[in-house]
Amino acid sequence: MSTGAGQAQGSKPVQGRFFDGQGAARHDVSVVLSADRAELQITGLSLADTLIWPLSDLRALRDRARNDRMTLTRHAPSDYGALHDAARLTVEDGALMAELRGLCPNLTRRDMRPGAWRRLARRGAWAVAAVVLMLFLILPRMADTLAGMIPVEREVAFGRAVVKQMETALGAADLGGLDCKGPEGLAALGKLTGRLADGADLSYVLEMRVLDHDMLNAFAAPGGQIVIMRGLLDAVSGPDALAAVLAHEIGHVEARDATRHALRAAGSAGLLSMVLGDVTGGAAAVFLGERVLQASYSRGAEAQADLFALAMLNRANVSSDGMAHFFDKLAELEAGMRVLPAYFSTHPESTGRAERARQNAATQGDVVQPILSEREWQALLAVCDE
Amino acid sequence: MSETRADKAPSGHVADHTEWIEVMRMQTTYHGTRSTLFWLAVRITVLTAITLGIYRFWAKTRLRKYIWSSIAADGDSLEYTGTGLEKFLGFLAAIVILAVYLGLLQILLFFVGLSVFDAANTSGQVFLQFGTLALPMLAVVPLIFFAQYRIHRYRMARTRWRGIRFGAEAAAGGYVWRALAHWTLTLLTLGLLLPRQTFWLAKYKADRSWYGDARFVQGGNWRSMYGAMRHVLTGIAITLGAGLCAAVGSPVLATVGLLVGLVWFAVGLVSYRVRAFAYLTTHRTLEGGVGFETAPRTGWIVRQMIVGSIVISLLAGMILGIPGGVVAWLVALDIVPIGLVIVPGVVLYMVGLALVSSLTLVWIVQPILAHVVTTLTVINAEALGAIRQRAGDTGADAEGFADALDVGGAF
C-alpha cells in the first residue's frame, strides 16, 4: 500500500512523537488512520518505512497523568511486565484519540500472560504452607523445646523483670509501691499456698504477692512469681475459690506457659506483621491475628492448667465447689458483655469449666476441709488495708 | 505546577547561540494535578482496605503509573511498566523465604536474650534487660538493606523514557554489607560520618544504574557534603548551648535555646536531605556527556510541609471529626447502644486513614516532588539521542521483600 493512497482515503494526518524502542532518538511522525479503519499508518522523515499498526493490536497506556495526549503501543508477547512492544507513539489530536477509543476494542485491555493463574495458585500455596507451618507447627514446637532449655534461675530473673514491668504499667510510682503488706493476711496467704504445694512435686519456689489494684485477675509470671490483684480477692466467694485460682496459676508456672508464649510470640510477631502488611488498618489486623494465634495456643494451656488445679485441690483435700462458684461468677460477668467468638477468647468457655469443677467436687466425698479458717480469710481480705 | 526558572544563559549573545543553549538544556516538567491524584488515591486505598490488603500491589502500580507519567522531560513523560500481578507473585516468593528466616532467627535471638537474663534490681537494669529482648529486631536489619537495593533495582527496571529502559545491576549483596558498615560507623561517630554514608551508598547505587546502554557515574566526594550538614550542626550547637545555660542556672534562656535548637535541628534534617540530593544530582552524569543541574529550595519545601500539614489536619478534622463527634455524643447520651456503632466506627477509622494518606499525597508528597522535578535541568540533552535500548530485567521477586518488610516510602 502506498503512503500517498492511504492518506488520500484515510483520515487527516496528525502529528505524533514516535519512539522505536531501539534507540532514545525521537521521531517526529505523521499518523493517519487507514481508509478501512483497520490500521494506523506512521510515516516520518527519520523512519525508513511506513509503519503499519493494526488497530486490533493497539493498546493505550493506562493511569496516565495527562489527558490531552495518548501514548500508544502494540500488544506483544513478553516474559515479564506488561505484554507490550517496546515502541511508543504519542498523539495529541483529540479527534484521533476519540476515534481510536471508539474503533479499538482492546485499547485499554489488561492482557494476562497464559498460565498466570496457575503460577499465582502455585506460589500462593507455597506461601500459605510456609506461613501455616511456621506459625502452627515449627514455632510452637521450638518454643516448647527452648523453654525447657532455659535454666530455672534465668527464668526466675526474667519473671521478676516481667512483674516489675507490670507494676509500672499498673501505675506503681516505685517498685513495690502497690504491694499489700498486711502481715496476718500474708501469713494466711502463705498457709494457703503451703497447703496447696504440700506433697506436690513443684520445680519452682512459689512467690505470691498481692497488688492493690481493682482488676479482677491473677497472673503467673515465668519462674514461680504469682501476682494476685485485690480485685480478685474482693470477687471470689471464699478461700476455696481463691485456692482454685492459685492452683490454676501454679499449673501455668509448672508448665512454663508464660515463657513458652513469650518465645512463640517473639517468633511469630514479625512474621504476622509481614504477611498482613502495612495496609490501612494493618495494625488492627496484626493485633487480631496475634489474638487468634494466642487464643489457639492458650485455650489448650488453660484446659491443662484447670486439670492441674483439680488434681492439686484433690491432693490438698480442698473442695472444688469454690472453683465451680468462681467460674459461675465469670460466666455471669461474660453474659453481661457481648461474648467474643470462641476463637478470639484466650480462655475456654466458663460454664463448661464450672461444670467440670462441680463434677470433680461430687467425687471428692467428705475428706474435704476448708483451706483457711474464717479469721484467716478475713485477714487475707484485709491484706491491702494497711 | 509549571514553575518557570530564569534561564542561566548570559544575555546579549547572538540569537542562534541562545537557541543552541535551549536545545542543550532540557527542562523537566511536572503535570500531575491535585484532584486527579486525590481521587485515584482514595479509590485505590478503599479497594486495598476492602480486599484486606491484597489490592495494595495493584494500588502501588497505579499510583506509580500516574506519578511517573506526570514527570516529563522535553514533553515526553516517564513510563512505569511494572504490573500488580508480578508484585503479588514476588511478595508470595519473599514470604516463603522470610517466614522461615525471620521466624527461626527471631525466636533464637529472643532465646539468647532470655538466657543472659540476670537478676535486676533497679529500673535502669530492667530497662536494659528488656533492651536485650529487642535483639530479634536485629535479624531484620540486613534484610531491610537488601530490600532497599532490590526496590531500587525493580523501579529502575520498570521505568522507561522515550521507550528506553532504565536498569540497575544485580548487586544487592554488596549493598547490604556496605550499608551495614556505613551505618555502624555513622552510629559510632554519633552521626558525624553521615555525609560519608550518604555519599558512598548513593554512589554504589548510581554507578550500577543505567539508562539504556549508558551508565550513570556519580562524581564528587563525601567531604564536600559537610556543607549540607550545616543546619543540622547549628541545631545541635544551639541545643548544647541551651544545656550549658541550664547548667549555669538560666532556665528561661535554656528553655528558649532548647526550643530554637530542636526546631533548627528538625529543619536542618530536611535541609540536609535537600542539599545532599542537590549535590549528588549535580555531580551525577550519564555516559556520553549528559549532566544534571538542580536547585530545590529547602525553605519552599519546609513551608509546603507546614502548610500541607495544617491543611490536612483541618480537612481531616472537619470531615471525620463531625460524624465522629455525633456518634460519640449519641453513645454518651445512651441514645444508641455502643454495640451498634462498632461497625460504623471501624468504617470511619478506615475512611479516616484513607483520607489522611490521600491528602498527604496531594498536599505534601506531590507538591514537593513537583518542586524537585521543575527545578531539575538535563544538560547536553542531545547526547541522549545516541543511547540504545538495554536488555530487559525479569526482576524475579519484583519488590516482594520490600513490600513484606514495608520498605519504600510513599510510592
# chains A, B, ... in the order shown; residues from 1 in each chain; ligands from 1
>>> select_by_dssp(residues="segment 17-204 of chain B", states="strand (DSSP E)", output="PyMOL selection string")
chain B and resi 26-30+71-73+76-80+159-161+164-168
>>> residues_around(residues="Gln15 of chain A", least_positions_apart="4", cutoff="7 Å", atoms="only C-alpha atoms", output="list in words")
Val29, Ser30, Val31 and Val91 of chain A
>>> closest_residue(among="A:Pro370, A:Gly124, A:Gly238, A:Pro183", to="chain B", atoms="only C-alpha atoms")
A:Gly124
>>> closest_residue(among="B:Arg178, B:Arg390, B:Arg297, B:Arg150", to="chain A", atoms="only C-alpha atoms")
B:Arg390
>>> closest_residue(among="A:Ala95, A:Val32, A:Cys180, A:Met142", to="chain B", atoms="only C-alpha atoms")
A:Met142
>>> closest_residue(among="B:Ala41, B:Ile97, B:Val290, B:Val331", to="chain A", atoms="only C-alpha atoms")
B:Ile97
>>> closest_residue(among="B:Ala295, B:Ile364, B:Ala247, B:Val346", to="chain A", atoms="only C-alpha atoms")
B:Val346
>>> residues_around(residues="Ala266 of chain B", least_positions_apart="3", cutoff="12 Å", atoms="only C-alpha atoms", output="VMD selection string")
chain B and resid 229 231 to 236 239 259 to 263 269 to 273 302
>>> residues_around(residues="Gly322 of chain A", least_positions_apart="2", cutoff="8 Å", atoms="only C-alpha atoms", output="ChimeraX atom specification")
/A:237-242,244,319-320,324-326
>>> closest_residue(among="B:Ala171, B:Leu353, B:Ala237, B:Ile164", to="Lys205 of chain B", atoms="only C-alpha atoms")
B:Ala171
>>> atom_distance(atom1="atom CA of Ala169 of chain A", atom2="atom CA of Ala221 of chain A")
14.7 Å
>>> residues_around(residues="Val100 of chain B", least_positions_apart="6", cutoff="10 Å", atoms="only C-alpha atoms", output="MDAnalysis selection string")
chainID A and resid 130:131 133:135 138:139 267 271
>>> write_last_selection(atoms="N, CA, C and O atoms", output="PDB file, in the first residue's frame")
ATOM      1  N   ALA A 130       4.054 -22.281  53.942  1.00  0.00           N
ATOM      2  CA  ALA A 130       5.217 -21.878  54.749  1.00  0.00           C
ATOM      3  C   ALA A 130       4.769 -21.148  56.011  1.00  0.00           C
ATOM      4  O   ALA A 130       5.251 -21.441  57.106  1.00  0.00           O
ATOM      5  N   VAL A 131       3.814 -20.227  55.847  1.00  0.00           N
ATOM      6  CA  VAL A 131       3.378 -19.428  56.997  1.00  0.00           C
ATOM      7  C   VAL A 131       2.650 -20.307  58.020  1.00  0.00           C
ATOM      8  O   VAL A 131       2.916 -20.252  59.223  1.00  0.00           O
ATOM      9  N   LEU A 133       2.825 -23.556  58.455  1.00  0.00           N
ATOM     10  CA  LEU A 133       3.772 -24.481  59.086  1.00  0.00           C
ATOM     11  C   LEU A 133       4.566 -23.798  60.182  1.00  0.00           C
ATOM     12  O   LEU A 133       4.740 -24.339  61.271  1.00  0.00           O
ATOM     13  N   MET A 134       5.050 -22.592  59.873  1.00  0.00           N
ATOM     14  CA  MET A 134       5.854 -21.871  60.858  1.00  0.00           C
ATOM     15  C   MET A 134       5.012 -21.517  62.080  1.00  0.00           C
ATOM     16  O   MET A 134       5.403 -21.758  63.212  1.00  0.00           O
ATOM     17  N   LEU A 135       3.824 -20.930  61.834  1.00  0.00           N
ATOM     18  CA  LEU A 135       3.023 -20.403  62.938  1.00  0.00           C
ATOM     19  C   LEU A 135       2.451 -21.502  63.815  1.00  0.00           C
ATOM     20  O   LEU A 135       2.392 -21.368  65.028  1.00  0.00           O
ATOM     21  N   ILE A 138       6.085 -25.292  63.603  1.00  0.00           N
ATOM     22  CA  ILE A 138       7.513 -25.180  63.919  1.00  0.00           C
ATOM     23  C   ILE A 138       7.748 -24.246  65.106  1.00  0.00           C
ATOM     24  O   ILE A 138       8.433 -24.616  66.060  1.00  0.00           O
ATOM     25  N   LEU A 139       7.155 -23.041  65.076  1.00  0.00           N
ATOM     26  CA  LEU A 139       7.404 -22.099  66.175  1.00  0.00           C
ATOM     27  C   LEU A 139       6.895 -22.610  67.532  1.00  0.00           C
ATOM     28  O   LEU A 139       7.618 -22.530  68.522  1.00  0.00           O
ATOM     29  N   GLY A 267       8.779 -15.181  67.898  1.00  0.00           N
ATOM     30  CA  GLY A 267       8.963 -15.740  66.557  1.00  0.00           C
ATOM     31  C   GLY A 267       7.867 -15.336  65.592  1.00  0.00           C
ATOM     32  O   GLY A 267       8.108 -15.122  64.408  1.00  0.00           O
ATOM     33  N   LEU A 271       6.587 -12.180  61.726  1.00  0.00           N
ATOM     34  CA  LEU A 271       6.014 -12.916  60.606  1.00  0.00           C
ATOM     35  C   LEU A 271       4.606 -12.428  60.278  1.00  0.00           C
ATOM     36  O   LEU A 271       4.272 -12.190  59.117  1.00  0.00           O
TER      37      LEU A 271
END
>>> select_by_dssp(residues="segment 117-342 of chain B", states="helix (DSSP H, G or I)", output="ChimeraX atom specification")
/B:123-132,135-138,141-157,172-188,194-206,222-247,251-282,298-332,338-342
>>> atom_distance(atom1="atom CA of Ile379 of chain B", atom2="atom CA of Asn221 of chain B")
20.9 Å
>>> residues_around(residues="Leu330 of chain A", least_positions_apart="5", cutoff="12 Å", atoms="only C-alpha atoms", output="number ranges by chain")
A: 216-217, 232, 235-237, 323-325, 335-337, 339, 347-354
>>> write_last_selection(atoms="all heavy atoms", output="short mmCIF file (atom, residue, chain, number, x, y, z; two decimals), in the first residue's frame")
data_model
loop_
_atom_site.label_atom_id
_atom_site.label_comp_id
_atom_site.auth_asym_id
_atom_site.auth_seq_id
_atom_site.Cartn_x
_atom_site.Cartn_y
_atom_site.Cartn_z
N LEU A 216 -9.83 -7.58 88.20
CA LEU A 216 -10.25 -8.91 88.65
C LEU A 216 -9.37 -9.93 87.93
O LEU A 216 -9.75 -10.44 86.87
CB LEU A 216 -11.72 -9.11 88.29
CG LEU A 216 -12.55 -10.19 89.00
CD1 LEU A 216 -14.02 -10.05 88.64
CD2 LEU A 216 -12.06 -11.58 88.73
N ASN A 217 -8.17 -10.19 88.49
CA ASN A 217 -7.28 -11.07 87.74
C ASN A 217 -6.13 -11.56 88.62
O ASN A 217 -5.88 -11.03 89.70
CB ASN A 217 -6.68 -10.31 86.55
CG ASN A 217 -6.50 -11.22 85.35
OD1 ASN A 217 -6.43 -12.44 85.50
ND2 ASN A 217 -6.43 -10.64 84.17
N LEU A 232 -9.49 -9.38 92.56
CA LEU A 232 -9.84 -10.80 92.55
C LEU A 232 -10.26 -11.24 93.95
O LEU A 232 -11.25 -11.95 94.13
CB LEU A 232 -8.65 -11.62 92.06
CG LEU A 232 -8.90 -13.13 92.00
CD1 LEU A 232 -9.70 -13.48 90.77
CD2 LEU A 232 -7.61 -13.90 92.03
N ALA A 235 -13.67 -10.39 94.74
CA ALA A 235 -14.72 -11.01 93.92
C ALA A 235 -14.96 -12.48 94.28
O ALA A 235 -16.06 -12.98 94.07
CB ALA A 235 -14.36 -10.89 92.45
N VAL A 236 -13.93 -13.19 94.79
CA VAL A 236 -14.12 -14.63 94.99
C VAL A 236 -15.03 -14.88 96.20
O VAL A 236 -15.11 -14.07 97.12
CB VAL A 236 -12.78 -15.38 95.19
CG1 VAL A 236 -11.99 -15.37 93.90
CG2 VAL A 236 -11.98 -14.80 96.34
N SER A 237 -15.69 -16.06 96.16
CA SER A 237 -16.69 -16.36 97.18
C SER A 237 -16.06 -16.79 98.51
O SER A 237 -16.69 -16.70 99.55
CB SER A 237 -17.62 -17.46 96.67
OG SER A 237 -16.84 -18.57 96.25
N MET A 323 -14.17 -23.55 93.10
CA MET A 323 -13.79 -23.33 91.70
C MET A 323 -15.04 -23.19 90.83
O MET A 323 -15.14 -22.30 89.99
CB MET A 323 -12.94 -24.51 91.23
CG MET A 323 -12.24 -24.33 89.93
SD MET A 323 -11.16 -25.76 89.70
CE MET A 323 -10.32 -25.35 88.22
N ALA A 324 -16.02 -24.09 91.10
CA ALA A 324 -17.27 -24.04 90.32
C ALA A 324 -17.96 -22.69 90.51
O ALA A 324 -18.41 -22.07 89.55
CB ALA A 324 -18.18 -25.19 90.75
N HIS A 325 -18.00 -22.22 91.77
CA HIS A 325 -18.63 -20.92 92.03
C HIS A 325 -17.92 -19.81 91.27
O HIS A 325 -18.56 -18.93 90.71
CB HIS A 325 -18.58 -20.59 93.54
CG HIS A 325 -19.54 -21.39 94.33
ND1 HIS A 325 -19.33 -21.75 95.64
CD2 HIS A 325 -20.72 -21.95 93.97
CE1 HIS A 325 -20.34 -22.48 96.06
NE2 HIS A 325 -21.21 -22.62 95.07
N ALA A 335 -21.76 -12.98 80.45
CA ALA A 335 -23.10 -12.85 79.86
C ALA A 335 -23.48 -11.37 79.76
O ALA A 335 -24.21 -10.98 78.88
CB ALA A 335 -24.12 -13.61 80.71
N GLY A 336 -22.97 -10.57 80.69
CA GLY A 336 -23.26 -9.15 80.65
C GLY A 336 -22.60 -8.46 79.48
O GLY A 336 -23.11 -7.48 78.95
N MET A 337 -21.45 -9.00 79.08
CA MET A 337 -20.74 -8.40 77.93
C MET A 337 -21.17 -9.10 76.66
O MET A 337 -21.80 -10.16 76.69
CB MET A 337 -19.24 -8.58 78.11
CG MET A 337 -18.69 -7.86 79.30
SD MET A 337 -16.90 -8.03 79.36
CE MET A 337 -16.69 -9.44 80.39
N VAL A 339 -20.30 -11.53 74.10
CA VAL A 339 -19.30 -12.60 74.19
C VAL A 339 -18.49 -12.68 72.89
O VAL A 339 -19.05 -12.65 71.80
CB VAL A 339 -19.98 -13.95 74.47
CG1 VAL A 339 -18.94 -15.05 74.58
CG2 VAL A 339 -20.77 -13.85 75.75
N HIS A 347 -9.55 -17.99 76.82
CA HIS A 347 -9.95 -18.96 77.83
C HIS A 347 -11.10 -19.82 77.32
O HIS A 347 -11.92 -19.35 76.55
CB HIS A 347 -10.39 -18.23 79.11
CG HIS A 347 -9.24 -17.69 79.89
ND1 HIS A 347 -8.45 -16.69 79.40
CD2 HIS A 347 -8.74 -18.03 81.11
CE1 HIS A 347 -7.51 -16.43 80.30
NE2 HIS A 347 -7.65 -17.23 81.33
N PRO A 348 -11.16 -21.09 77.79
CA PRO A 348 -12.30 -21.92 77.41
C PRO A 348 -13.57 -21.33 78.02
O PRO A 348 -13.52 -20.47 78.89
CB PRO A 348 -11.98 -23.28 78.03
CG PRO A 348 -10.55 -23.23 78.43
CD PRO A 348 -10.22 -21.80 78.66
N GLU A 349 -14.70 -21.81 77.55
CA GLU A 349 -15.98 -21.30 78.00
C GLU A 349 -16.17 -21.56 79.49
O GLU A 349 -15.92 -22.66 79.99
CB GLU A 349 -17.07 -22.02 77.20
CG GLU A 349 -18.36 -21.31 77.17
CD GLU A 349 -19.48 -22.26 76.77
OE1 GLU A 349 -19.18 -23.45 76.54
OE2 GLU A 349 -20.62 -21.80 76.73
N SER A 350 -16.60 -20.53 80.23
CA SER A 350 -16.63 -20.62 81.70
C SER A 350 -17.65 -21.62 82.22
O SER A 350 -17.40 -22.30 83.21
CB SER A 350 -16.93 -19.24 82.29
OG SER A 350 -15.87 -18.38 82.00
N THR A 351 -18.83 -21.72 81.56
CA THR A 351 -19.85 -22.64 82.07
C THR A 351 -19.35 -24.08 82.04
O THR A 351 -19.59 -24.86 82.97
CB THR A 351 -21.16 -22.52 81.25
OG1 THR A 351 -20.80 -22.48 79.86
CG2 THR A 351 -21.92 -21.27 81.61
N GLY A 352 -18.61 -24.42 80.96
CA GLY A 352 -18.04 -25.76 80.85
C GLY A 352 -17.04 -26.03 81.97
O GLY A 352 -17.02 -27.11 82.56
N ARG A 353 -16.23 -24.99 82.29
CA ARG A 353 -15.21 -25.16 83.33
C ARG A 353 -15.89 -25.32 84.69
O ARG A 353 -15.46 -26.13 85.52
CB ARG A 353 -14.28 -23.94 83.35
CG ARG A 353 -13.58 -23.73 82.04
CD ARG A 353 -12.87 -22.40 81.99
NE ARG A 353 -11.57 -22.44 82.64
CZ ARG A 353 -10.80 -21.35 82.80
NH1 ARG A 353 -11.24 -20.18 82.40
NH2 ARG A 353 -9.63 -21.45 83.38
N ALA A 354 -16.98 -24.56 84.91
CA ALA A 354 -17.72 -24.68 86.16
C ALA A 354 -18.29 -26.09 86.30
O ALA A 354 -18.23 -26.70 87.37
CB ALA A 354 -18.83 -23.64 86.20
#
>>> residues_around(residues="Leu361 of chain B", least_positions_apart="6", cutoff="10 Å", atoms="only C-alpha atoms", output="list in words")
Arg34, Leu37, Phe38, Ala41, Gly308, Leu355, Pro367, Ile368, Ala410 and Phe411 of chain B
